[in-house]
$ cat data.cif   # mmCIF, C-alpha atoms
data_start
loop_
_atom_site.group_PDB
_atom_site.id
_atom_site.type_symbol
_atom_site.label_atom_id
_atom_site.label_comp_id
_atom_site.auth_asym_id
_atom_site.auth_seq_id
_atom_site.Cartn_x
_atom_site.Cartn_y
_atom_site.Cartn_z
ATOM 1 C CA MET A 1 -52.578 -189.956 -101.787
ATOM 2 C CA ASP A 2 -53.412 -186.324 -102.191
ATOM 3 C CA GLY A 3 -57.162 -186.539 -102.722
ATOM 4 C CA THR A 4 -57.166 -185.173 -106.262
ATOM 5 C CA SER A 5 -58.264 -188.337 -108.057
ATOM 6 C CA TYR A 6 -61.591 -189.179 -106.464
ATOM 7 C CA PRO A 7 -64.807 -187.159 -106.128
ATOM 8 C CA LYS A 8 -64.758 -186.675 -102.356
ATOM 9 C CA GLY A 9 -61.140 -185.506 -102.426
ATOM 10 C CA LEU A 10 -60.138 -187.699 -99.497
ATOM 11 C CA LYS A 11 -56.490 -187.787 -98.544
ATOM 12 C CA ARG A 12 -54.646 -190.930 -97.437
ATOM 13 C CA GLY A 13 -55.282 -190.411 -93.725
ATOM 14 C CA GLN A 14 -59.004 -190.057 -94.355
ATOM 15 C CA MET A 15 -59.294 -193.357 -96.229
ATOM 16 C CA SER A 16 -59.526 -196.842 -94.768
ATOM 17 C CA ILE A 17 -56.880 -199.374 -95.743
ATOM 18 C CA GLN A 18 -59.568 -201.173 -97.728
ATOM 19 C CA ALA A 19 -60.372 -198.024 -99.689
ATOM 20 C CA ARG A 20 -56.683 -197.431 -100.423
ATOM 21 C CA ALA A 21 -56.301 -201.034 -101.619
ATOM 22 C CA MET A 22 -59.409 -200.709 -103.784
ATOM 23 C CA ALA A 23 -57.972 -197.543 -105.319
ATOM 24 C CA ILE A 24 -54.958 -199.517 -106.541
ATOM 25 C CA ALA A 25 -57.158 -202.345 -107.834
ATOM 26 C CA ASP A 26 -59.478 -199.853 -109.534
ATOM 27 C CA ILE A 27 -56.620 -198.074 -111.285
ATOM 28 C CA PHE A 28 -55.043 -201.361 -112.364
ATOM 29 C CA GLU A 29 -58.339 -202.670 -113.719
ATOM 30 C CA ALA A 30 -59.031 -199.419 -115.568
ATOM 31 C CA LEU A 31 -55.565 -199.500 -117.141
ATOM 32 C CA THR A 32 -55.757 -203.120 -118.292
ATOM 33 C CA ALA A 33 -59.441 -203.483 -119.203
ATOM 34 C CA LYS A 34 -59.988 -204.547 -122.793
ATOM 35 C CA ASP A 35 -63.735 -203.963 -122.713
ATOM 36 C CA ARG A 36 -63.664 -200.175 -122.750
ATOM 37 C CA PRO A 37 -65.008 -198.750 -126.022
ATOM 38 C CA TYR A 38 -62.904 -195.589 -125.686
ATOM 39 C CA LYS A 39 -59.462 -197.192 -125.239
ATOM 40 C CA GLN A 40 -57.428 -200.348 -125.553
ATOM 41 C CA GLY A 41 -56.135 -202.038 -122.434
ATOM 42 C CA LYS A 42 -52.515 -201.477 -121.519
ATOM 43 C CA LYS A 43 -49.985 -204.295 -121.494
ATOM 44 C CA LEU A 44 -49.156 -205.625 -118.049
ATOM 45 C CA SER A 45 -45.705 -204.033 -118.132
ATOM 46 C CA GLU A 46 -47.209 -200.639 -119.023
ATOM 47 C CA ALA A 47 -49.854 -200.847 -116.304
ATOM 48 C CA LEU A 48 -47.306 -201.800 -113.650
ATOM 49 C CA ALA A 49 -44.991 -198.976 -114.766
ATOM 50 C CA ILE A 50 -47.845 -196.469 -114.467
ATOM 51 C CA LEU A 51 -48.703 -197.760 -110.995
ATOM 52 C CA LYS A 52 -45.031 -197.414 -110.010
ATOM 53 C CA LYS A 53 -45.066 -193.765 -111.098
ATOM 54 C CA LEU A 54 -48.249 -193.198 -109.126
ATOM 55 C CA LYS A 55 -46.544 -194.720 -106.080
ATOM 56 C CA ASP A 56 -43.413 -192.619 -106.540
ATOM 57 C CA ASN A 57 -45.541 -189.467 -106.772
ATOM 58 C CA GLN A 58 -47.582 -190.425 -103.692
ATOM 59 C CA HIS A 59 -50.841 -190.766 -105.652
ATOM 60 C CA ILE A 60 -51.375 -194.291 -104.327
ATOM 61 C CA ALA A 61 -50.378 -195.862 -101.016
ATOM 62 C CA PRO A 62 -46.729 -196.935 -101.347
ATOM 63 C CA ASP A 63 -47.017 -199.718 -98.772
ATOM 64 C CA LEU A 64 -50.058 -201.241 -100.474
ATOM 65 C CA TYR A 65 -48.454 -200.907 -103.895
ATOM 66 C CA ASP A 66 -45.496 -202.895 -102.542
ATOM 67 C CA VAL A 67 -47.854 -205.646 -101.366
ATOM 68 C CA PHE A 68 -49.645 -205.576 -104.739
ATOM 69 C CA ILE A 69 -46.297 -206.200 -106.458
ATOM 70 C CA THR A 70 -44.479 -208.527 -104.051
ATOM 71 C CA GLU A 71 -47.523 -210.749 -103.519
ATOM 72 C CA LYS A 72 -48.299 -210.635 -107.254
ATOM 73 C CA VAL A 73 -51.911 -209.674 -106.608
ATOM 74 C CA TYR A 74 -52.249 -208.722 -110.273
ATOM 75 C CA ARG A 75 -51.984 -212.416 -111.160
ATOM 76 C CA GLN A 76 -55.478 -212.993 -109.793
ATOM 77 C CA TYR A 77 -56.795 -211.307 -112.926
ATOM 78 C CA ALA A 78 -55.061 -213.888 -115.117
ATOM 79 C CA GLY A 79 -57.714 -216.579 -114.828
ATOM 80 C CA ASN A 80 -60.464 -214.336 -116.144
ATOM 81 C CA SER A 81 -58.869 -211.985 -118.631
ATOM 82 C CA TRP A 82 -56.561 -211.334 -121.545
ATOM 83 C CA MET A 83 -53.628 -211.321 -119.153
ATOM 84 C CA THR A 84 -53.459 -215.110 -119.121
ATOM 85 C CA THR A 85 -51.119 -215.061 -122.098
ATOM 86 C CA ASN A 86 -49.221 -212.015 -120.873
ATOM 87 C CA LEU A 87 -48.449 -213.549 -117.470
ATOM 88 C CA MET A 88 -46.860 -216.728 -118.785
ATOM 89 C CA TRP A 89 -43.370 -215.231 -118.564
ATOM 90 C CA ILE A 90 -43.768 -213.791 -115.034
ATOM 91 C CA LYS A 91 -42.768 -216.167 -112.257
#
$ encode --input "data.cif" --output "structure tokens"
Amino acid sequence: MDGTSYPKGLKRGQMSIQARAMAIADIFEALTAKDRPYKQGKKLSEALAILKKLKDNQHIAPDLYDVFITEKVYRQYAGNSWMTTNLMWIK
């Protein structure tokens, strides 16, 4: 996390673990949101691929990204969004 994506320009060491986790959730939600008038939401596979690139380039916390993926945190969105149908094939 190099501090270039958010207004205060905080780097990883300056952010709490909660803030780093929220950054991942915020990016994921922004990528997948269908209610934005200026863009269509990405498919789950596209959003997860983008997050992976962000992890690989150190733009998000790699350890928290791994938890997001291995614990399938993204599934929590399924009950309230368009992803319900897109998550049927993920186990």
$ residues_near_point --input "data.cif" --point "(-57.3, -199.8, -97.1)" --cutoff "12 Å" --atoms "all atoms listed in the file" --output "list in words"
Met1, Arg12, Gly13, Gln14, Met15, Ser16, Ile17, Gln18, Ala19, Arg20, Ala21, Met22, Ala23, Ile24, Ala25, Ile60, Ala61, Pro62, Asp63, Leu64, Tyr65 and Val67 of chain A
$ residues_around --input "data.cif" --residues "Thr32 of chain A" --least-positions-apart "4" --cutoff "7 Å" --atoms "all atoms listed in the file" --output "PyMOL selection string"
chain A and resi 28+41-43+47
$ atom_distance --input "data.cif" --atom1 "atom CA of Glu46 of chain A" --atom2 "atom CA of Lys8 of chain A"
27.9 Å
$ atom_distance --input "data.cif" --atom1 "atom CA of Tyr38 of chain A" --atom2 "atom CA of Lys11 of chain A"
29.0 Å
$ atom_distance --input "data.cif" --atom1 "atom CA of Ala30 of chain A" --atom2 "atom CA of Ser45 of chain A"
14.3 Å
$ axis_aligned_box --input "data.cif" --around "segment 15-29 of chain A" --padding-each-side "6 Å" --output "lines of an AutoDock Vina configuration file"
center_x = -57.7
center_y = -198.0
center_z = -104.2
size_x = 17.4
size_y = 21.3
size_z = 31.0
$ residues_near_point --input "data.cif" --point "(-45.5, -205.9, -108.8)" --cutoff "10 Å" --atoms "only C-alpha atoms" --output "NGL selection string"
:A and (44-45 or 48-49 or 51-52 or 65-75)
$ build_atoms --input "data.cif" --residues "segment 52-64 of chain A" --atoms "N, CA and C atoms" --output "PDB file, in the frame of the given file"
ATOM      1  N   LYS A  52     -46.285-197.762-110.690  1.00  0.00           N
ATOM      2  CA  LYS A  52     -45.031-197.414-110.010  1.00  0.00           C
ATOM      3  C   LYS A  52     -44.856-195.900-109.971  1.00  0.00           C
ATOM      4  N   LYS A  53     -45.158-195.232-111.072  1.00  0.00           N
ATOM      5  CA  LYS A  53     -45.066-193.765-111.098  1.00  0.00           C
ATOM      6  C   LYS A  53     -46.053-193.138-110.126  1.00  0.00           C
ATOM      7  N   LEU A  54     -47.252-193.700-110.069  1.00  0.00           N
ATOM      8  CA  LEU A  54     -48.249-193.198-109.126  1.00  0.00           C
ATOM      9  C   LEU A  54     -47.773-193.374-107.685  1.00  0.00           C
ATOM     10  N   LYS A  55     -47.117-194.496-107.418  1.00  0.00           N
ATOM     11  CA  LYS A  55     -46.544-194.720-106.080  1.00  0.00           C
ATOM     12  C   LYS A  55     -45.455-193.693-105.799  1.00  0.00           C
ATOM     13  N   ASP A  56     -44.544-193.539-106.727  1.00  0.00           N
ATOM     14  CA  ASP A  56     -43.413-192.619-106.540  1.00  0.00           C
ATOM     15  C   ASP A  56     -43.866-191.179-106.314  1.00  0.00           C
ATOM     16  N   ASN A  57     -45.003-190.824-106.912  1.00  0.00           N
ATOM     17  CA  ASN A  57     -45.541-189.467-106.772  1.00  0.00           C
ATOM     18  C   ASN A  57     -46.581-189.360-105.660  1.00  0.00           C
ATOM     19  N   GLN A  58     -46.679-190.408-104.850  1.00  0.00           N
ATOM     20  CA  GLN A  58     -47.582-190.425-103.692  1.00  0.00           C
ATOM     21  C   GLN A  58     -49.069-190.310-104.060  1.00  0.00           C
ATOM     22  N   HIS A  59     -49.436-190.780-105.247  1.00  0.00           N
ATOM     23  CA  HIS A  59     -50.841-190.766-105.652  1.00  0.00           C
ATOM     24  C   HIS A  59     -51.566-192.028-105.206  1.00  0.00           C
ATOM     25  N   ILE A  60     -50.811-193.083-104.916  1.00  0.00           N
ATOM     26  CA  ILE A  60     -51.375-194.291-104.327  1.00  0.00           C
ATOM     27  C   ILE A  60     -50.517-194.660-103.120  1.00  0.00           C
ATOM     28  N   ALA A  61     -51.072-195.487-102.253  1.00  0.00           N
ATOM     29  CA  ALA A  61     -50.378-195.862-101.016  1.00  0.00           C
ATOM     30  C   ALA A  61     -49.145-196.709-101.340  1.00  0.00           C
ATOM     31  N   PRO A  62     -47.952-196.205-101.026  1.00  0.00           N
ATOM     32  CA  PRO A  62     -46.729-196.935-101.347  1.00  0.00           C
ATOM     33  C   PRO A  62     -46.659-198.326-100.705  1.00  0.00           C
ATOM     34  N   ASP A  63     -47.085-198.427 -99.455  1.00  0.00           N
ATOM     35  CA  ASP A  63     -47.017-199.718 -98.772  1.00  0.00           C
ATOM     36  C   ASP A  63     -47.947-200.746 -99.419  1.00  0.00           C
ATOM     37  N   LEU A  64     -49.122-200.322 -99.834  1.00  0.00           N
ATOM     38  CA  LEU A  64     -50.058-201.241-100.474  1.00  0.00           C
ATOM     39  C   LEU A  64     -49.636-201.571-101.898  1.00  0.00           C
TER      40      LEU A  64
END
